[in-house]
$ cat my_file.txt   # compact mmCIF, C-alpha atoms and all ligand atoms
# COMPACT_ATOMS: atom_id res chain seq x y z
CA MET H 1 97.82 -174.79 -119.22
CA THR H 2 95.70 -177.15 -117.14
CA SER H 3 92.18 -176.48 -115.92
CA ASN H 4 92.85 -173.69 -113.48
CA THR H 5 91.37 -173.36 -110.03
CA VAL H 6 90.93 -169.65 -109.42
CA PRO H 7 88.66 -169.00 -106.42
CA TYR H 8 89.22 -165.23 -106.54
CA ASP H 9 90.15 -162.61 -109.12
CA VAL H 10 93.95 -162.94 -109.29
CA GLU H 11 94.33 -160.00 -111.68
CA ALA H 12 92.41 -157.74 -109.30
CA VAL H 13 94.62 -158.97 -106.46
CA ARG H 14 97.77 -158.27 -108.50
CA ALA H 15 96.58 -154.73 -109.11
CA ASP H 16 96.77 -154.17 -105.33
CA PHE H 17 100.54 -154.82 -105.29
CA PRO H 18 102.50 -151.82 -106.60
CA ILE H 19 105.77 -153.76 -106.85
CA LEU H 20 104.23 -156.28 -109.23
CA GLN H 21 103.48 -153.47 -111.69
CA GLN H 22 107.12 -152.63 -112.20
CA GLU H 23 109.70 -153.96 -114.62
CA HIS H 24 112.52 -156.05 -113.18
CA HIS H 25 114.89 -154.98 -115.92
CA ALA H 26 114.07 -152.64 -118.80
CA GLY H 27 111.30 -154.31 -120.79
CA VAL H 28 111.23 -157.39 -118.51
CA PRO H 29 108.34 -157.68 -116.04
CA LEU H 30 108.98 -158.88 -112.49
CA ILE H 31 108.01 -162.47 -111.76
CA TYR H 32 108.36 -162.80 -108.03
CA LEU H 33 108.76 -166.43 -106.95
CA ASP H 34 110.64 -165.89 -103.68
CA ASN H 35 107.64 -165.69 -101.41
CA ALA H 36 108.94 -168.16 -98.84
CA ALA H 37 111.71 -165.65 -98.12
CA SER H 38 109.34 -162.67 -97.95
CA SER H 39 106.03 -161.67 -99.48
CA GLN H 40 105.17 -158.46 -101.32
CA LYS H 41 102.81 -155.91 -99.75
CA PRO H 42 99.44 -154.72 -101.02
CA ARG H 43 98.61 -151.01 -101.04
CA GLN H 44 96.11 -151.64 -98.21
CA VAL H 45 99.03 -152.55 -95.92
CA ILE H 46 101.31 -149.80 -97.23
CA ASP H 47 98.48 -147.29 -96.80
CA ALA H 48 97.79 -148.41 -93.21
CA ILE H 49 101.43 -147.75 -92.30
CA ASP H 50 101.49 -144.47 -94.20
CA ASP H 51 98.26 -143.37 -92.50
CA TYR H 52 99.70 -144.08 -89.04
CA TYR H 53 102.81 -141.99 -89.70
CA ARG H 54 100.88 -139.17 -91.36
CA ARG H 55 97.91 -138.90 -89.00
CA TYR H 56 98.46 -140.45 -85.58
CA ASN H 57 102.12 -141.36 -85.02
CA ALA H 58 102.76 -141.60 -81.28
CA ASN H 59 104.01 -144.00 -78.67
CA VAL H 60 101.51 -146.53 -77.31
CA HIS H 61 100.27 -147.45 -73.83
CA ARG H 62 101.57 -144.29 -72.19
CA GLY H 63 100.49 -140.93 -73.56
CA ILE H 64 97.29 -139.43 -72.21
CA HIS H 65 96.72 -137.54 -75.41
CA LYS H 66 94.63 -138.09 -78.49
CA LEU H 67 97.39 -139.31 -80.80
CA SER H 68 98.73 -141.85 -78.33
CA GLU H 69 95.21 -143.09 -77.65
CA ALA H 70 94.57 -143.51 -81.39
CA ALA H 71 97.89 -145.33 -81.88
CA THR H 72 97.22 -147.61 -78.91
CA ALA H 73 93.71 -148.39 -80.15
CA ALA H 74 94.93 -149.30 -83.66
CA TYR H 75 97.83 -151.36 -82.32
CA GLU H 76 95.62 -153.29 -79.89
CA GLU H 77 92.90 -153.71 -82.52
CA ALA H 78 95.50 -155.40 -84.73
CA ARG H 79 96.30 -157.80 -81.88
CA ILE H 80 92.62 -158.74 -81.70
CA LYS H 81 92.55 -159.31 -85.48
CA VAL H 82 95.47 -161.72 -85.12
CA LYS H 83 93.82 -163.43 -82.15
CA ARG H 84 90.74 -164.14 -84.28
CA PHE H 85 92.85 -165.10 -87.31
CA ILE H 86 94.63 -167.91 -85.45
CA ASN H 87 91.72 -168.60 -83.08
CA ALA H 88 93.60 -167.95 -79.86
CA ALA H 89 91.37 -168.21 -76.80
CA ASN H 90 92.43 -164.84 -75.41
CA LYS H 91 94.21 -161.74 -76.70
CA ARG H 92 96.59 -161.97 -73.73
CA GLU H 93 98.04 -165.07 -75.41
CA VAL H 94 99.06 -163.03 -78.48
CA ILE H 95 102.50 -161.49 -78.02
CA TYR H 96 104.03 -159.14 -80.53
CA VAL H 97 107.56 -160.10 -81.57
CA ARG H 98 109.72 -159.06 -84.54
CA GLY H 99 109.24 -162.41 -86.27
CA THR H 100 109.53 -166.17 -85.96
CA THR H 101 113.19 -166.04 -84.95
CA GLU H 102 112.42 -163.77 -82.04
CA GLY H 103 109.39 -165.86 -81.05
CA ILE H 104 111.49 -169.03 -80.78
CA ASN H 105 114.29 -167.24 -78.94
CA LEU H 106 111.74 -165.85 -76.50
CA VAL H 107 110.50 -169.35 -75.66
CA ALA H 108 114.06 -170.67 -75.36
CA GLN H 109 115.20 -167.81 -73.13
CA THR H 110 112.17 -167.83 -70.83
CA TRP H 111 110.44 -171.20 -70.71
CA GLY H 112 113.58 -173.05 -71.81
CA ARG H 113 115.95 -171.31 -69.42
CA ALA H 114 113.56 -171.90 -66.52
CA ASN H 115 112.66 -175.50 -67.30
CA LEU H 116 115.45 -177.32 -69.16
CA THR H 117 118.36 -178.92 -67.38
CA VAL H 118 120.84 -181.80 -67.50
CA GLY H 119 119.11 -185.06 -68.44
CA ASP H 120 116.23 -183.37 -70.29
CA VAL H 121 115.68 -183.84 -74.02
CA VAL H 122 114.38 -181.42 -76.63
CA VAL H 123 113.13 -183.07 -79.83
CA LEU H 124 113.48 -181.13 -83.08
CA THR H 125 113.36 -182.37 -86.67
CA GLN H 126 116.04 -182.61 -89.32
CA MET H 127 114.05 -180.26 -91.56
CA GLU H 128 113.95 -177.29 -89.17
CA HIS H 129 114.99 -173.80 -90.21
CA HIS H 130 118.14 -172.66 -88.40
CA SER H 131 115.97 -170.43 -86.24
CA ASN H 132 114.46 -173.52 -84.58
CA ILE H 133 117.82 -175.24 -84.10
CA VAL H 134 120.40 -172.64 -83.12
CA PRO H 135 118.57 -171.10 -80.11
CA TRP H 136 118.22 -174.62 -78.63
CA GLN H 137 121.85 -175.48 -79.32
CA MET H 138 122.96 -172.25 -77.63
CA LEU H 139 120.83 -172.98 -74.57
CA ALA H 140 121.85 -176.67 -74.49
CA ALA H 141 125.51 -175.65 -74.36
CA GLU H 142 124.71 -173.67 -71.24
CA LYS H 143 122.16 -175.90 -69.52
CA GLY H 144 123.41 -179.36 -70.46
CA PHE H 145 120.20 -180.84 -71.91
CA THR H 146 120.41 -182.82 -75.15
CA ILE H 147 118.72 -182.42 -78.53
CA GLN H 148 117.38 -185.31 -80.59
CA TYR H 149 116.17 -184.99 -84.17
CA VAL H 150 113.25 -186.69 -85.94
CA PRO H 151 114.64 -187.98 -89.27
CA VAL H 152 113.23 -186.99 -92.64
CA LEU H 153 112.17 -189.92 -94.87
CA PRO H 154 113.11 -190.06 -98.57
CA ASP H 155 109.61 -188.84 -99.52
CA GLY H 156 110.20 -185.62 -97.56
CA THR H 157 107.91 -186.47 -94.64
CA LEU H 158 108.91 -186.95 -91.01
CA ASP H 159 109.60 -190.43 -89.70
CA MET H 160 106.67 -190.64 -87.32
CA ASP H 161 107.73 -194.05 -85.96
CA ALA H 162 111.08 -192.55 -85.01
CA TYR H 163 109.22 -189.62 -83.41
CA ALA H 164 107.10 -192.02 -81.34
CA ALA H 165 110.24 -193.90 -80.32
CA LEU H 166 112.01 -190.69 -79.26
CA LEU H 167 109.04 -189.76 -77.08
CA ARG H 168 108.91 -193.26 -75.61
CA ASP H 169 112.63 -193.69 -74.94
CA HIS H 170 113.70 -190.25 -73.69
CA PRO H 171 112.59 -187.79 -71.02
CA VAL H 172 111.38 -185.26 -73.61
CA LYS H 173 110.36 -181.87 -72.22
CA LEU H 174 109.74 -180.00 -75.49
CA VAL H 175 109.11 -180.79 -79.14
CA GLY H 176 109.93 -178.07 -81.67
CA VAL H 177 108.62 -178.56 -85.20
CA MET H 178 107.91 -176.47 -88.27
CA HIS H 179 104.29 -176.59 -89.47
CA VAL H 180 105.30 -176.33 -93.14
CA SER H 181 108.86 -176.82 -94.47
CA ASN H 182 110.38 -173.83 -96.26
CA VAL H 183 112.34 -176.20 -98.53
CA LEU H 184 110.38 -179.41 -98.99
CA GLY H 185 106.97 -177.83 -98.54
CA THR H 186 106.00 -180.74 -96.30
CA VAL H 187 102.91 -180.02 -94.22
CA ASN H 188 103.77 -181.75 -90.98
CA PRO H 189 101.03 -183.50 -88.93
CA VAL H 190 101.40 -181.06 -86.05
CA GLN H 191 98.03 -181.90 -84.52
CA ASP H 192 99.07 -185.57 -84.18
CA MET H 193 102.52 -184.53 -83.06
CA ALA H 194 101.04 -182.31 -80.37
CA ARG H 195 98.83 -185.12 -79.07
CA MET H 196 101.78 -187.52 -78.97
CA ALA H 197 103.97 -184.93 -77.25
CA HIS H 198 101.31 -184.23 -74.64
CA ASP H 199 100.75 -187.95 -74.01
CA ALA H 200 104.48 -188.16 -73.28
CA GLY H 201 104.32 -185.17 -70.93
CA ALA H 202 106.12 -182.79 -73.32
CA LEU H 203 105.15 -179.38 -74.66
CA ILE H 204 105.14 -178.50 -78.35
CA LEU H 205 106.40 -175.34 -80.04
CA VAL H 206 105.28 -174.93 -83.65
CA ASP H 207 107.16 -172.74 -86.14
CA GLY H 208 104.32 -171.46 -88.31
CA ALA H 209 106.38 -169.14 -90.53
CA GLN H 210 105.40 -170.99 -93.71
CA ALA H 211 101.91 -171.99 -92.58
CA VAL H 212 100.03 -168.91 -91.34
CA PRO H 213 100.51 -167.01 -94.64
CA HIS H 214 99.14 -169.91 -96.68
CA LEU H 215 96.53 -171.99 -94.86
CA PRO H 216 93.90 -171.62 -92.16
CA VAL H 217 95.57 -172.09 -88.75
CA ASP H 218 93.67 -172.73 -85.54
CA VAL H 219 96.08 -172.88 -82.60
CA GLN H 220 93.44 -174.35 -80.30
CA ALA H 221 92.52 -177.13 -82.72
CA LEU H 222 96.22 -177.94 -83.14
CA ASP H 223 96.59 -177.80 -79.35
CA ALA H 224 99.96 -176.06 -79.77
CA ASP H 225 101.53 -174.82 -76.56
CA PHE H 226 103.52 -172.20 -78.46
CA TYR H 227 103.01 -171.11 -82.07
CA THR H 228 105.04 -168.40 -83.79
CA PHE H 229 105.13 -166.70 -87.20
CA SER H 230 106.48 -163.69 -89.12
CA GLY H 231 104.40 -160.87 -90.54
CA HIS H 232 106.64 -160.19 -93.52
CA LYS H 233 105.81 -163.55 -95.13
CA MET H 234 102.05 -162.80 -94.95
CA LEU H 235 101.81 -159.39 -96.66
CA ALA H 236 102.77 -157.45 -93.50
CA PRO H 237 105.89 -155.38 -92.82
CA THR H 238 109.24 -156.71 -91.65
CA GLY H 239 109.61 -156.38 -87.91
CA SER H 240 106.09 -157.68 -87.22
CA GLY H 241 105.38 -161.14 -85.89
CA ILE H 242 103.55 -163.08 -83.23
CA LEU H 243 104.27 -165.56 -80.50
CA TYR H 244 101.13 -167.33 -79.33
CA GLY H 245 101.36 -169.23 -76.05
CA LYS H 246 98.82 -170.91 -73.81
CA ARG H 247 97.94 -168.53 -71.04
CA ASP H 248 98.88 -170.71 -68.07
CA LEU H 249 102.32 -171.34 -69.55
CA LEU H 250 102.90 -167.66 -70.29
CA GLU H 251 101.72 -166.68 -66.81
CA ALA H 252 104.27 -169.03 -65.24
CA MET H 253 107.16 -167.94 -67.45
CA PRO H 254 109.62 -165.27 -66.38
CA PRO H 255 109.99 -162.28 -68.71
CA TRP H 256 112.82 -162.08 -71.25
CA MET H 257 113.84 -158.50 -71.94
CA GLY H 258 113.46 -155.94 -69.19
CA GLY H 259 112.50 -152.31 -69.64
CA GLY H 260 109.51 -150.05 -70.08
CA ASP H 261 105.97 -151.40 -70.52
CA MET H 262 106.77 -154.89 -69.19
CA ILE H 263 106.73 -153.82 -65.54
CA SER H 264 104.00 -153.20 -63.05
CA ARG H 265 106.16 -151.46 -60.41
CA VAL H 266 109.84 -150.60 -60.26
CA THR H 267 111.81 -149.65 -57.17
CA LEU H 268 115.55 -149.28 -56.80
CA THR H 269 115.69 -152.72 -55.23
CA GLY H 270 113.43 -154.73 -57.53
CA SER H 271 110.53 -154.84 -59.97
CA THR H 272 107.28 -156.69 -60.56
CA TRP H 273 105.90 -157.61 -63.96
CA ASN H 274 103.03 -156.31 -66.00
CA GLU H 275 100.13 -158.59 -66.94
CA LEU H 276 100.09 -160.56 -70.20
CA PRO H 277 100.88 -159.93 -72.98
CA TYR H 278 102.87 -156.84 -71.94
CA LYS H 279 105.16 -158.83 -69.64
CA PHE H 280 106.91 -159.99 -72.81
CA GLU H 281 106.81 -156.67 -74.68
CA ALA H 282 109.60 -154.51 -73.26
CA GLY H 283 110.23 -151.08 -74.73
CA THR H 284 108.52 -149.12 -77.48
CA PRO H 285 107.10 -151.74 -79.83
CA SER H 286 106.96 -151.76 -83.63
CA VAL H 287 103.69 -149.83 -83.71
CA ALA H 288 103.46 -149.19 -87.47
CA GLU H 289 104.43 -152.79 -88.14
CA GLY H 290 101.76 -154.13 -85.80
CA ILE H 291 99.12 -151.95 -87.44
CA GLY H 292 100.39 -153.17 -90.83
CA LEU H 293 100.02 -156.76 -89.64
CA GLY H 294 96.39 -156.07 -88.79
CA ALA H 295 95.83 -154.67 -92.29
CA ALA H 296 97.47 -157.78 -93.77
CA VAL H 297 95.13 -160.02 -91.78
CA ASP H 298 92.17 -158.01 -93.12
CA TYR H 299 93.46 -158.49 -96.65
CA LEU H 300 93.95 -162.24 -96.24
CA ASN H 301 90.48 -162.56 -94.68
CA SER H 302 88.95 -160.65 -97.59
CA LEU H 303 90.14 -163.41 -99.93
CA GLY H 304 89.60 -166.23 -97.43
CA MET H 305 92.38 -168.52 -96.24
CA ASP H 306 90.59 -171.58 -97.66
CA ASN H 307 90.53 -169.90 -101.08
CA ILE H 308 94.17 -168.86 -100.85
CA HIS H 309 95.16 -172.39 -99.86
CA ALA H 310 93.11 -173.97 -102.67
CA TYR H 311 94.59 -171.62 -105.27
CA GLU H 312 98.15 -172.16 -104.07
CA GLN H 313 97.69 -175.93 -104.08
CA ALA H 314 96.45 -175.76 -107.66
CA ILE H 315 99.27 -173.54 -108.87
CA THR H 316 101.91 -175.59 -107.01
CA GLY H 317 100.48 -178.78 -108.51
CA TYR H 318 100.73 -177.18 -111.93
CA ALA H 319 104.33 -176.08 -111.28
CA LEU H 320 105.29 -179.61 -110.18
CA GLU H 321 103.74 -181.05 -113.35
CA ARG H 322 105.60 -178.58 -115.54
CA LEU H 323 108.91 -178.97 -113.68
CA ALA H 324 108.70 -182.74 -114.20
CA GLU H 325 108.72 -182.10 -117.97
CA VAL H 326 112.13 -180.42 -117.86
CA PRO H 327 114.94 -182.95 -118.39
CA GLY H 328 117.46 -182.91 -115.54
CA VAL H 329 115.14 -181.29 -112.97
CA THR H 330 114.72 -183.03 -109.62
CA VAL H 331 112.15 -181.59 -107.20
CA TYR H 332 112.50 -182.37 -103.49
CA GLY H 333 109.72 -183.04 -101.03
CA PRO H 334 106.27 -184.61 -101.06
CA GLU H 335 103.64 -184.69 -103.80
CA ALA H 336 101.43 -181.63 -104.29
CA ALA H 337 98.64 -182.99 -102.07
CA ASN H 338 100.79 -182.71 -98.93
CA LYS H 339 102.86 -179.73 -99.95
CA GLY H 340 102.96 -176.02 -99.31
CA ALA H 341 103.52 -173.56 -102.16
CA VAL H 342 107.21 -174.40 -102.49
CA ALA H 343 109.25 -176.22 -105.13
CA ALA H 344 112.94 -176.69 -104.28
CA PHE H 345 114.81 -178.31 -107.13
CA THR H 346 118.15 -178.98 -108.76
CA LEU H 347 119.03 -178.91 -112.44
CA ALA H 348 121.56 -181.65 -113.26
CA GLY H 349 125.07 -180.37 -113.74
CA ILE H 350 124.22 -176.71 -113.09
CA HIS H 351 124.76 -175.02 -109.74
CA ALA H 352 121.64 -173.60 -108.07
CA HIS H 353 123.23 -170.13 -107.92
CA ASP H 354 123.75 -170.19 -111.70
CA VAL H 355 120.12 -171.25 -112.16
CA ALA H 356 118.96 -168.32 -110.02
CA GLN H 357 121.24 -165.84 -111.79
CA VAL H 358 120.05 -166.72 -115.29
CA LEU H 359 116.42 -166.72 -114.12
CA ASP H 360 116.99 -163.27 -112.60
CA SER H 361 118.10 -161.90 -115.95
CA ALA H 362 114.76 -163.17 -117.29
CA GLY H 363 112.97 -161.19 -114.54
CA ILE H 364 112.30 -164.23 -112.37
CA ALA H 365 113.22 -163.96 -108.68
CA VAL H 366 113.90 -167.31 -106.97
CA ARG H 367 116.16 -168.16 -104.06
CA ALA H 368 119.18 -170.46 -104.29
CA GLY H 369 121.30 -171.94 -101.53
CA HIS H 370 120.52 -173.87 -98.35
CA HIS H 371 117.54 -171.67 -97.39
CA CYS H 372 118.69 -171.59 -93.75
CA ALA H 373 118.24 -175.37 -93.58
CA MET H 374 121.81 -176.64 -93.81
CA PRO H 375 121.16 -179.82 -91.78
CA LEU H 376 118.29 -180.76 -94.11
CA HIS H 377 120.45 -180.23 -97.20
CA GLU H 378 123.13 -182.38 -95.60
CA CYS H 379 120.55 -185.15 -94.99
CA LEU H 380 119.56 -184.93 -98.65
CA SER H 381 123.27 -184.95 -99.66
CA LEU H 382 122.79 -181.61 -101.36
CA GLN H 383 124.80 -178.43 -101.13
CA ALA H 384 122.21 -176.12 -102.58
CA THR H 385 118.83 -176.07 -104.26
CA ALA H 386 116.99 -173.47 -106.29
CA ARG H 387 113.57 -172.69 -104.87
CA ALA H 388 110.47 -171.26 -106.49
CA SER H 389 107.86 -170.34 -103.90
CA PHE H 390 104.39 -169.07 -104.70
CA TYR H 391 101.82 -166.82 -103.13
CA LEU H 392 98.26 -165.69 -103.67
CA TYR H 393 99.18 -163.30 -106.52
CA ASN H 394 101.23 -165.67 -108.69
CA THR H 395 99.76 -166.87 -111.98
CA TYR H 396 99.89 -169.93 -114.19
CA ALA H 397 101.57 -167.76 -116.82
CA GLU H 398 104.36 -167.04 -114.34
CA VAL H 399 104.87 -170.78 -113.85
CA ASP H 400 105.12 -171.11 -117.63
CA ALA H 401 107.72 -168.32 -117.64
CA LEU H 402 109.71 -170.18 -114.98
CA ILE H 403 109.76 -173.28 -117.15
CA ASP H 404 110.83 -171.26 -120.22
CA GLY H 405 113.52 -169.69 -118.02
CA LEU H 406 114.83 -173.12 -117.05
CA TYR H 407 115.23 -174.02 -120.74
CA THR H 408 117.20 -170.78 -121.13
CA VAL H 409 119.39 -171.84 -118.20
CA LYS H 410 120.00 -175.18 -119.88
CA ARG H 411 120.88 -173.51 -123.19
CA THR H 412 123.19 -171.05 -121.41
CA PHE H 413 125.15 -173.83 -119.78
CA ALA H 414 124.92 -176.42 -122.59
CA GLY H 415 128.39 -177.88 -123.09
CA ALA H 416 129.79 -175.74 -120.29
N1 LIG H 501 110.99 -170.66 -89.85
C1 LIG H 501 110.74 -170.95 -91.13
C2 LIG H 501 110.02 -172.20 -91.47
C3 LIG H 501 111.15 -170.05 -92.12
O1 LIG H 501 110.88 -170.35 -93.40
C4 LIG H 501 111.80 -168.86 -91.76
C5 LIG H 501 112.32 -167.90 -92.79
C6 LIG H 501 112.01 -168.60 -90.41
C7 LIG H 501 111.60 -169.53 -89.48
C8 LIG H 501 112.66 -167.35 -89.92
O2 LIG H 501 111.79 -166.29 -90.11
P1 LIG H 501 112.24 -164.79 -89.74
O3 LIG H 501 111.12 -163.97 -90.28
O4 LIG H 501 112.38 -164.72 -88.28
O5 LIG H 501 113.54 -164.57 -90.46
N2 LIG H 501 112.60 -168.52 -94.00
C9 LIG H 501 113.28 -167.98 -95.05
C10 LIG H 501 113.44 -168.66 -96.25
O6 LIG H 501 113.02 -169.78 -96.49
N3 LIG H 501 114.12 -167.89 -97.09
O7 LIG H 501 114.40 -166.73 -96.48
C11 LIG H 501 113.87 -166.78 -95.20

$ encode --input "my_file.txt" --output "structure tokens"
Amino acid sequence: MTSNTVPYDVEAVRADFPILQQEHHAGVPLIYLDNAASSQKPRQVIDAIDDYYRRYNANVHRGIHKLSEAATAAYEEARIKVKRFINAANKREVIYVRGTTEGINLVAQTWGRANLTVGDVVVLTQMEHHSNIVPWQMLAAEKGFTIQYVPVLPDGTLDMDAYAALLRDHPVKLVGVMHVSNVLGTVNPVQDMARMAHDAGALILVDGAQAVPHLPVDVQALDADFYTFSGHKMLAPTGSGILYGKRDLLEAMPPWMGGGDMISRVTLTGSTWNELPYKFEAGTPSVAEGIGLGAAVDYLNSLGMDNIHAYEQAITGYALERLAEVPGVTVYGPEAANKGAVAAFTLAGIHAHDVAQVLDSAGIAVRAGHHCAMPLHECLSLQATARASFYLYNTYAEVDALIDGLYTVKRTFAGA
């Protein structure tokens, strides 16, 4: 063990997570290192959802009765918590979506559909998650604009010279970039990238799925035009998520889905739209999930995002040190100082799925595969990696168990 940075009581935090108390197999405790895929939920979040269904379950924004008013108040209060959490200027800029994927598709189908045409260029990066590639490819096939990609350098960072050249040499309308890579852990310089995009007359959409759960995010300081993230990776339920957009852009955008709540007036010959953010929130929303997201924000604030970030940096640094001791392990991505709480690695001669399977029998949950970043794996000439990803409740002892597990993997496949 190294000198540990522990800015809050990790054991007390762990006690809040019922799932961490259970055994993975008989006699084998659960060591959950698949947090980049989804986080576990504290009882405070589970209780908030339970409380809604038990005491004040009702539809929002419509019923003139006590339950509906209570549900609406809690749901809108959660929106305000998120607004403060990401420092949006106005709660109208905070749109509920089901997650990052839906947030990006919303921008593609509204702003993109209205603004992108033949001759335009969208700049993405080679490290993007499929959810920030496929919606643009689908729209490009229809609208005839082209997509250019910022290359990833061997150290796992973006080629910023190539980015500058793309902005200089092409009529770029939009830049789409992930704040933190779900494979390499790279923390991209999105503030600089936003400034450069704006100087070139382009907008920037930031995929914050791996950032908002782990570090303080200020959308105004970043000067992001759009910023989206998923609740389920930050202690909140699946089906909760946020798209932030600058108000003037959102005002000018057409709606996406049509239906209840997003309208101001409907006649048989046409309709007009509700004000922000409801213009983009058609139909009965995920009320319990939104309330759960608010409870998750409260929980994260109670620990402090600076503290969470510091602890995760320390534990990731420790994991990288320990992984480097294991013969045959190669870790991908930048050094700990510029890295999120992710370690994607290969073990020489052993397929990532085999690594994950043997670790699972030791109670250790990691993900193996391409992590929805097939183009990135192709750039790295890899088919698959195993990935350990950490969160605020993981411990140094769990990192030690991962390393022991990797020696078990090696013994299992020795001579195979
Ligand atoms: N963007 C990034 C950077 C992600 O890591 C993910 C999910 C998404 C977008 C999509 O989020 P969703 O909530 O809409 O599905 N990433 C992963 C992962 O790394 N392993 O499982 C899901």

$ atom_distance --input "my_file.txt" --atom1 "atom CA of H:Leu376" --atom2 "atom CA of H:Asp34"
19.3 Å

$ closest_residue --input "my_file.txt" --among "H:Asn90, H:Thr272, H:Thr408, H:Asn188" --to "ligand LIG 501 (chain H)" --atoms "all atoms listed in the file"
H:Asn188

$ atom_distance --input "my_file.txt" --atom1 "atom CA of H:Asp306" --atom2 "atom CA of H:Leu392"
11.4 Å

$ closest_residue --input "my_file.txt" --among "H:Val97, H:Ala296, H:Val409, H:Ala310" --to "ligand LIG 501 (chain H)" --atoms "only C-alpha atoms and all ligand atoms"
H:Val97

$ closest_residue --input "my_file.txt" --among "H:Pro151, H:Gly176, H:Gly119, H:Gly27" --to "ligand LIG 501 (chain H)" --atoms "all atoms listed in the file"
H:Gly176

$ closest_atom_pairs --input "my_file.txt" --of "chain H" --to "ligand LIG 501 (chain H)" --cutoff "7 Å" --atoms "all atoms listed in the file" --output "Markdown table"
| residue | atom | partner | partner_atom | distance |
| --- | --- | --- | --- | --- |
| H:Ala36 | CA | H:LIG501 | O6 | 5.0 |
| H:Ala37 | CA | H:LIG501 | O7 | 3.3 |
| H:Ser38 | CA | H:LIG501 | O7 | 6.7 |
| H:Gly99 | CA | H:LIG501 | O4 | 4.4 |
| H:Thr100 | CA | H:LIG501 | O4 | 4.0 |
| H:Thr101 | CA | H:LIG501 | O4 | 3.7 |
| H:Glu102 | CA | H:LIG501 | O4 | 6.3 |
| H:Glu128 | CA | H:LIG501 | C2 | 6.8 |
| H:His129 | CA | H:LIG501 | N1 | 5.1 |
| H:Ser131 | CA | H:LIG501 | C7 | 5.5 |
| H:Asn132 | CA | H:LIG501 | N1 | 6.9 |
| H:Met178 | CA | H:LIG501 | C2 | 5.7 |
| H:Val180 | CA | H:LIG501 | C2 | 6.5 |
| H:Ser181 | CA | H:LIG501 | C2 | 5.6 |
| H:Asn182 | CA | H:LIG501 | O1 | 4.5 |
| H:Val183 | CA | H:LIG501 | O6 | 6.8 |
| H:Asp207 | CA | H:LIG501 | N1 | 5.7 |
| H:Gly208 | CA | H:LIG501 | C2 | 6.6 |
| H:Ala209 | CA | H:LIG501 | C1 | 4.8 |
| H:Gln210 | CA | H:LIG501 | C2 | 5.3 |
| H:Ser230 | CA | H:LIG501 | O3 | 4.8 |
| H:His232 | CA | H:LIG501 | O3 | 6.7 |
| H:His371 | CA | H:LIG501 | O6 | 5.0 |
| H:Cys372 | CA | H:LIG501 | C10 | 6.5 |

$ write_last_selection --input "my_file.txt" --atoms "C-alpha atoms" --output "mmCIF file, in the coordinates of the input"
data_model
loop_
_atom_site.group_PDB
_atom_site.id
_atom_site.type_symbol
_atom_site.label_atom_id
_atom_site.label_comp_id
_atom_site.auth_asym_id
_atom_site.auth_seq_id
_atom_site.Cartn_x
_atom_site.Cartn_y
_atom_site.Cartn_z
ATOM 1 C CA ALA H 36 108.940 -168.160 -98.840
ATOM 2 C CA ALA H 37 111.710 -165.650 -98.120
ATOM 3 C CA SER H 38 109.340 -162.670 -97.950
ATOM 4 C CA GLY H 99 109.240 -162.410 -86.270
ATOM 5 C CA THR H 100 109.530 -166.170 -85.960
ATOM 6 C CA THR H 101 113.190 -166.040 -84.950
ATOM 7 C CA GLU H 102 112.420 -163.770 -82.040
ATOM 8 C CA GLU H 128 113.950 -177.290 -89.170
ATOM 9 C CA HIS H 129 114.990 -173.800 -90.210
ATOM 10 C CA SER H 131 115.970 -170.430 -86.240
ATOM 11 C CA ASN H 132 114.460 -173.520 -84.580
ATOM 12 C CA MET H 178 107.910 -176.470 -88.270
ATOM 13 C CA VAL H 180 105.300 -176.330 -93.140
ATOM 14 C CA SER H 181 108.860 -176.820 -94.470
ATOM 15 C CA ASN H 182 110.380 -173.830 -96.260
ATOM 16 C CA VAL H 183 112.340 -176.200 -98.530
ATOM 17 C CA ASP H 207 107.160 -172.740 -86.140
ATOM 18 C CA GLY H 208 104.320 -171.460 -88.310
ATOM 19 C CA ALA H 209 106.380 -169.140 -90.530
ATOM 20 C CA GLN H 210 105.400 -170.990 -93.710
ATOM 21 C CA SER H 230 106.480 -163.690 -89.120
ATOM 22 C CA HIS H 232 106.640 -160.190 -93.520
ATOM 23 C CA HIS H 371 117.540 -171.670 -97.390
ATOM 24 C CA CYS H 372 118.690 -171.590 -93.750
#

$ residues_around --input "my_file.txt" --residues "H:Asp192" --least-positions-apart "5" --cutoff "10 Å" --atoms "all atoms listed in the file" --output "mmCIF file with C-alpha atoms, keeping the file's coordinate frame"
data_model
loop_
_atom_site.group_PDB
_atom_site.id
_atom_site.type_symbol
_atom_site.label_atom_id
_atom_site.label_comp_id
_atom_site.auth_asym_id
_atom_site.auth_seq_id
_atom_site.Cartn_x
_atom_site.Cartn_y
_atom_site.Cartn_z
ATOM 1 C CA MET H 160 106.670 -190.640 -87.320
ATOM 2 C CA ALA H 197 103.970 -184.930 -77.250
ATOM 3 C CA HIS H 198 101.310 -184.230 -74.640
ATOM 4 C CA LEU H 222 96.220 -177.940 -83.140
ATOM 5 C CA ASP H 223 96.590 -177.800 -79.350
#

$ closest_residue --input "my_file.txt" --among "H:Ala194, H:Met257, H:Leu303, H:Ala401" --to "H:Thr110" --atoms "only C-alpha atoms"
H:Met257
